[in-house]
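Engineer: What follows is my_file_33.cif, made up of mmCIF, C-alpha atoms:
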```
data_query
#
loop_
_atom_site.group_PDB
_atom_site.id
_atom_site.type_symbol
_atom_site.label_atom_id
_atom_site.label_comp_id
_atom_site.auth_asym_id
_atom_site.auth_seq_id
_atom_site.Cartn_x
_atom_site.Cartn_y
_atom_site.Cartn_z
ATOM 1 C CA MET A 83 36.910 -0.384 39.954
ATOM 2 C CA PHE A 84 40.263 -2.056 39.438
ATOM 3 C CA SER A 85 42.058 0.803 37.774
ATOM 4 C CA LYS A 86 45.697 1.320 38.596
ATOM 5 C CA ALA A 87 45.407 5.089 38.591
ATOM 6 C CA LYS A 88 45.222 6.369 42.109
ATOM 7 C CA LYS A 89 42.670 9.010 42.782
ATOM 8 C CA THR A 90 44.380 11.857 44.541
ATOM 9 C CA GLU A 91 42.374 14.543 46.182
ATOM 10 C CA ARG A 92 43.439 18.006 45.173
ATOM 11 C CA ILE A 93 43.552 20.620 47.894
ATOM 12 C CA ASP A 94 42.646 24.100 46.758
ATOM 13 C CA SER A 95 44.832 27.020 47.767
ATOM 14 C CA GLU A 96 42.542 28.229 50.555
ATOM 15 C CA GLN A 97 42.438 24.814 52.218
ATOM 16 C CA ARG A 98 46.191 24.522 51.818
ATOM 17 C CA GLU A 99 46.656 27.929 53.450
ATOM 18 C CA GLN A 100 44.392 26.954 56.355
ATOM 19 C CA TYR A 101 46.317 23.707 56.741
ATOM 20 C CA GLU A 102 49.666 25.536 56.826
ATOM 21 C CA TYR A 103 48.306 28.021 59.361
ATOM 22 C CA ALA A 104 47.059 25.161 61.558
ATOM 23 C CA ARG A 105 50.466 23.458 61.333
ATOM 24 C CA GLN A 106 52.176 26.701 62.327
ATOM 25 C CA ARG A 107 49.868 27.167 65.333
ATOM 26 C CA ILE A 108 50.429 23.580 66.448
ATOM 27 C CA LYS A 109 54.186 24.112 66.177
ATOM 28 C CA GLN A 110 53.959 27.311 68.261
ATOM 29 C CA LYS A 111 51.940 25.587 70.985
ATOM 30 C CA LYS A 112 54.274 22.585 70.947
ATOM 31 C CA ASN A 113 57.289 24.866 71.415
ATOM 32 C CA LEU A 114 55.477 26.633 74.253
ATOM 33 C CA MET A 115 54.876 23.297 76.012
ATOM 34 C CA ARG A 116 58.544 22.379 75.541
ATOM 35 C CA HIS A 117 59.536 25.721 77.031
ATOM 36 C CA PHE A 118 57.233 25.086 80.005
ATOM 37 C CA ILE A 119 58.683 21.620 80.641
ATOM 38 C CA VAL A 120 62.263 22.898 80.372
ATOM 39 C CA PHE A 121 61.302 25.767 82.674
ATOM 40 C CA LEU A 122 59.948 23.391 85.336
ATOM 41 C CA VAL A 123 62.922 21.023 85.158
ATOM 42 C CA GLY A 124 65.386 23.922 85.091
ATOM 43 C CA SER A 125 63.734 25.599 88.071
ATOM 44 C CA VAL A 126 63.899 22.408 90.121
ATOM 45 C CA LEU A 127 67.555 21.984 89.191
ATOM 46 C CA LEU A 128 68.349 25.568 90.184
ATOM 47 C CA ILE A 129 66.602 25.045 93.504
ATOM 48 C CA LEU A 130 68.572 21.840 94.086
ATOM 49 C CA ILE A 131 71.924 23.243 93.003
ATOM 50 C CA ASN A 132 72.031 26.205 95.371
ATOM 51 C CA PRO A 133 70.704 25.084 98.793
ATOM 52 C CA ILE A 134 71.311 21.337 98.634
ATOM 53 C CA LEU A 135 74.640 21.212 96.794
ATOM 54 C CA GLY A 136 75.798 24.526 98.198
ATOM 55 C CA TYR A 137 76.845 25.858 94.807
ATOM 56 C CA GLY A 138 76.811 29.653 94.678
ATOM 57 C CA GLU A 139 76.827 30.341 98.416
ATOM 58 C CA ASN A 140 79.686 32.799 98.000
ATOM 59 C CA PHE A 141 77.930 34.474 95.117
ATOM 60 C CA PHE A 142 77.368 38.215 95.454
ATOM 61 C CA ILE A 143 73.548 37.808 95.531
ATOM 62 C CA LYS A 144 72.070 35.664 98.273
ATOM 63 C CA ASP A 145 69.491 33.212 96.877
ATOM 64 C CA TRP A 146 70.491 33.994 93.294
ATOM 65 C CA PHE A 147 68.485 31.028 92.008
ATOM 66 C CA ILE A 148 65.240 32.790 92.954
ATOM 67 C CA TRP A 149 66.178 35.730 90.739
ATOM 68 C CA ALA A 150 67.137 33.379 87.918
ATOM 69 C CA ILE A 151 63.785 31.610 88.195
ATOM 70 C CA LEU A 152 61.921 34.940 88.276
ATOM 71 C CA ILE A 153 63.696 36.154 85.138
ATOM 72 C CA TRP A 154 62.991 32.843 83.424
ATOM 73 C CA THR A 155 59.341 33.103 84.510
ATOM 74 C CA PHE A 156 59.145 36.530 82.896
ATOM 75 C CA ILE A 157 60.609 35.162 79.649
ATOM 76 C CA PHE A 158 58.132 32.267 79.710
ATOM 77 C CA LEU A 159 55.224 34.676 80.263
ATOM 78 C CA VAL A 160 56.366 36.743 77.273
ATOM 79 C CA HIS A 161 56.429 33.554 75.193
ATOM 80 C CA LEU A 162 52.951 32.629 76.469
ATOM 81 C CA PHE A 163 51.680 36.135 75.670
ATOM 82 C CA ASN A 164 53.078 35.937 72.134
ATOM 83 C CA VAL A 165 51.497 32.573 71.394
ATOM 84 C CA PHE A 166 48.024 33.119 72.852
ATOM 85 C CA VAL A 167 47.413 36.872 72.884
ATOM 86 C CA MET A 168 49.458 38.466 70.116
ATOM 87 C CA ASN A 169 48.578 35.749 67.651
ATOM 88 C CA LYS A 170 44.863 36.471 68.174
ATOM 89 C CA PHE A 171 45.357 40.094 67.145
ATOM 90 C CA MET A 172 47.986 39.523 64.476
ATOM 91 C CA ASP A 173 46.809 36.358 62.797
ATOM 92 C CA LYS A 174 46.422 35.571 59.095
ATOM 93 C CA GLU A 175 43.380 37.830 58.716
ATOM 94 C CA TRP A 176 45.314 40.754 60.212
ATOM 95 C CA GLU A 177 48.169 40.094 57.788
ATOM 96 C CA ASP A 178 45.732 40.063 54.863
ATOM 97 C CA ARG A 179 44.177 43.378 55.964
ATOM 98 C CA GLN A 180 47.619 44.965 56.280
ATOM 99 C CA LEU A 181 48.596 43.646 52.848
ATOM 100 C CA GLU A 182 45.457 45.141 51.304
ATOM 101 C CA LYS A 183 46.158 48.504 52.971
ATOM 102 C CA LEU A 184 49.713 48.519 51.632
ATOM 103 C CA LYS A 185 48.547 47.581 48.142
ATOM 104 C CA ALA A 186 45.966 50.383 48.207
ATOM 105 C CA ARG A 187 48.597 52.885 49.334
ATOM 106 C CA GLN A 188 50.938 51.724 46.595
ATOM 107 C CA ALA A 189 48.177 52.060 43.970
ATOM 108 C CA GLU A 190 47.445 55.601 45.203
ATOM 109 C CA ARG A 191 51.124 56.486 44.989
ATOM 110 C CA MET A 192 51.376 55.049 41.479
ATOM 111 C CA ALA A 193 48.322 57.074 40.422
ATOM 112 C CA GLU A 194 49.906 60.231 41.874
ATOM 113 C CA LEU A 195 53.161 59.553 40.011
ATOM 114 C CA GLN A 196 51.293 58.866 36.773
ATOM 115 C CA LYS A 197 49.348 62.102 37.193
ATOM 116 C CA LYS A 198 52.598 63.992 37.790
ATOM 117 C CA VAL A 199 54.192 62.462 34.694
ATOM 118 C CA ASP A 200 51.127 63.281 32.592
ATOM 119 C CA THR A 201 51.111 66.912 33.730
ATOM 120 C CA GLU A 202 54.834 67.324 33.154
ATOM 121 C CA LEU A 203 54.818 65.801 29.680
ATOM 122 C CA GLN A 204 51.476 67.311 28.612
ATOM 123 C CA LEU A 205 50.879 64.875 25.799
ATOM 124 C CA PRO A 206 48.197 65.907 23.314
ATOM 125 C CA LYS A 207 44.894 64.271 24.092
ATOM 126 C CA MET A 208 43.411 62.293 21.238
ATOM 127 C CA SER A 209 39.931 60.960 20.897
ATOM 128 C CA SER A 210 39.294 57.297 20.234
ATOM 129 C CA GLU A 211 38.415 58.115 16.598
ATOM 130 C CA GLU A 212 41.774 59.805 16.062
ATOM 131 C CA ILE A 213 43.569 56.811 17.578
ATOM 132 C CA LYS A 214 41.747 54.457 15.188
ATOM 133 C CA LYS A 215 42.616 56.676 12.198
ATOM 134 C CA ASN A 216 46.281 56.675 13.213
ATOM 135 C CA GLU A 217 46.283 52.888 13.519
ATOM 136 C CA LEU A 218 44.711 52.506 10.084
ATOM 137 C CA ASN A 219 47.122 54.973 8.490
ATOM 138 C CA ASN A 220 50.224 53.532 10.166
ATOM 139 C CA PRO A 221 49.893 49.735 10.194
ATOM 140 C CA LEU A 222 52.674 47.649 11.627
ATOM 141 C CA PRO A 223 55.150 46.135 9.172
ATOM 142 C CA PRO A 224 54.367 42.490 8.316
ATOM 143 C CA ASP A 225 57.549 41.141 9.947
ATOM 144 C CA VAL A 226 56.636 42.629 13.362
ATOM 145 C CA GLU A 227 54.298 40.434 15.357
#
```
Show me this structure written as C-alpha cells.

Structural biologist:
Amino acid sequence: MFSKAKKTERIDSEQREQYEYARQRIKQKKNLMRHFIVFLVGSVLLILINPILGYGENFFIKDWFIWAILIWTFIFLVHLFNVFVMNKFMDKEWEDRQLEKLKARQAERMAELQKKVDTELQLPKMSSEEIKKNELNNPLPPDVE
C-alpha cells in the first residue's frame, strides 16, 4: 500500500508498434493541416500582392498569381492523396505482407543455392547410424568445448 516502488505498466511490442503507428498518422495529418493553413494564407497573400499592390503587372504572364495558386493547389492535393489514400493501401499491414513475400523469396533463393552447392560438391550421403558411429569413434579432444 505504501511501497516506494512505482508500478510501471509494461507495453508489449504489438501495443508499442500500434502506438508508434498512431503517432506517425497523427503527425502526417497535423502536417497536412499545416500545409492547408499555409496554402490558404499564401493564396490570400498572392491575391493581395498582384492586383492590390500592383506587384507583377509587367510580368510576362498576366494574372500569374492564379497559376501559382493552381500549382500550389495541385501540390496540396498530392499531399492530401498521399496522406488519406496511399496510406490506406500501403499501411503497416501492407508493409508486413511485402516483408513476408521478400523473406519467402529469399528463403527460396537460399534453398536453390544450397541445392546447387550440394549437387556440385556431391558429398557422400551418410545415414544417421553412420553419423553416430563416427561421433563415437572420433570424440572431441577434452580441451575443446

Engineer: Report, in Å with one decimal, the straight-line distance from CA of Gln188 (chain A) to CA of Arg98 (chain A).

Structural biologist: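 Result for CA of Gln188 (chain A) versus CA of Arg98 (chain A): 28.1 Å, one decimal.
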
Engineer: Which residue, A:Arg187, A:Asp178, A:Val165, A:Gln204, has the smallest gap to Ile108 (chain A) when you use only C-alpha atoms?

Structural biologist: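 The closest residue to Ile108 (chain A) is A:Val165.
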
Engineer: With 4 Å of padding per side, what axis-aligned box (centre and edge lengths, Å, one decimal) covers all the listed atoms of region 191-200 of chain A? Give it as lines of an AutoDock Vina configuration file.

Structural biologist:
```
center_x = 51.3
center_y = 59.5
center_z = 38.8
size_x = 13.9
size_y = 16.9
size_z = 20.4
```

Engineer: Check which residues satisfy the PyMOL selection byres ((chain A and resi 124-126) around 9) in the file shown, then give them as an MDAnalysis selection string.

Structural biologist: chainID A and resid 119:123 127:131 147:148 150:151 154

Engineer: Output C-alpha atoms for every residue in the selection just made, as a PDB file, in the coordinates of the input.

Structural biologist:
```pdb
ATOM      1  CA  ILE A 119      58.683  21.620  80.641  1.00  0.00           C
ATOM      2  CA  VAL A 120      62.263  22.898  80.372  1.00  0.00           C
ATOM      3  CA  PHE A 121      61.302  25.767  82.674  1.00  0.00           C
ATOM      4  CA  LEU A 122      59.948  23.391  85.336  1.00  0.00           C
ATOM      5  CA  VAL A 123      62.922  21.023  85.158  1.00  0.00           C
ATOM      6  CA  LEU A 127      67.555  21.984  89.191  1.00  0.00           C
ATOM      7  CA  LEU A 128      68.349  25.568  90.184  1.00  0.00           C
ATOM      8  CA  ILE A 129      66.602  25.045  93.504  1.00  0.00           C
ATOM      9  CA  LEU A 130      68.572  21.840  94.086  1.00  0.00           C
ATOM     10  CA  ILE A 131      71.924  23.243  93.003  1.00  0.00           C
ATOM     11  CA  PHE A 147      68.485  31.028  92.008  1.00  0.00           C
ATOM     12  CA  ILE A 148      65.240  32.790  92.954  1.00  0.00           C
ATOM     13  CA  ALA A 150      67.137  33.379  87.918  1.00  0.00           C
ATOM     14  CA  ILE A 151      63.785  31.610  88.195  1.00  0.00           C
ATOM     15  CA  TRP A 154      62.991  32.843  83.424  1.00  0.00           C
TER      16      TRP A 154
END
```

Engineer: Taking all atoms listed in the file into account, which of A:Leu152, A:Gln180, A:Lys185, A:Phe163 comes nearest Lys111 (chain A)?

Structural biologist: A:Phe163

Engineer: Would you compute the distance between CA of Phe118 (chain A) and CA of Ile157 (chain A)? Give it in Å to one decimal.

Structural biologist: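 Taking CA of Phe118 (chain A) as the start and CA of Ile157 (chain A) as the end point, the length is 10.6 Å.
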
Engineer: So what do you get for CA of Val167 (chain A) versus CA of Arg107 (chain A), distance-wise?

Structural biologist: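 Going from CA of Val167 (chain A) over to CA of Arg107 (chain A) covers 12.5 Å.
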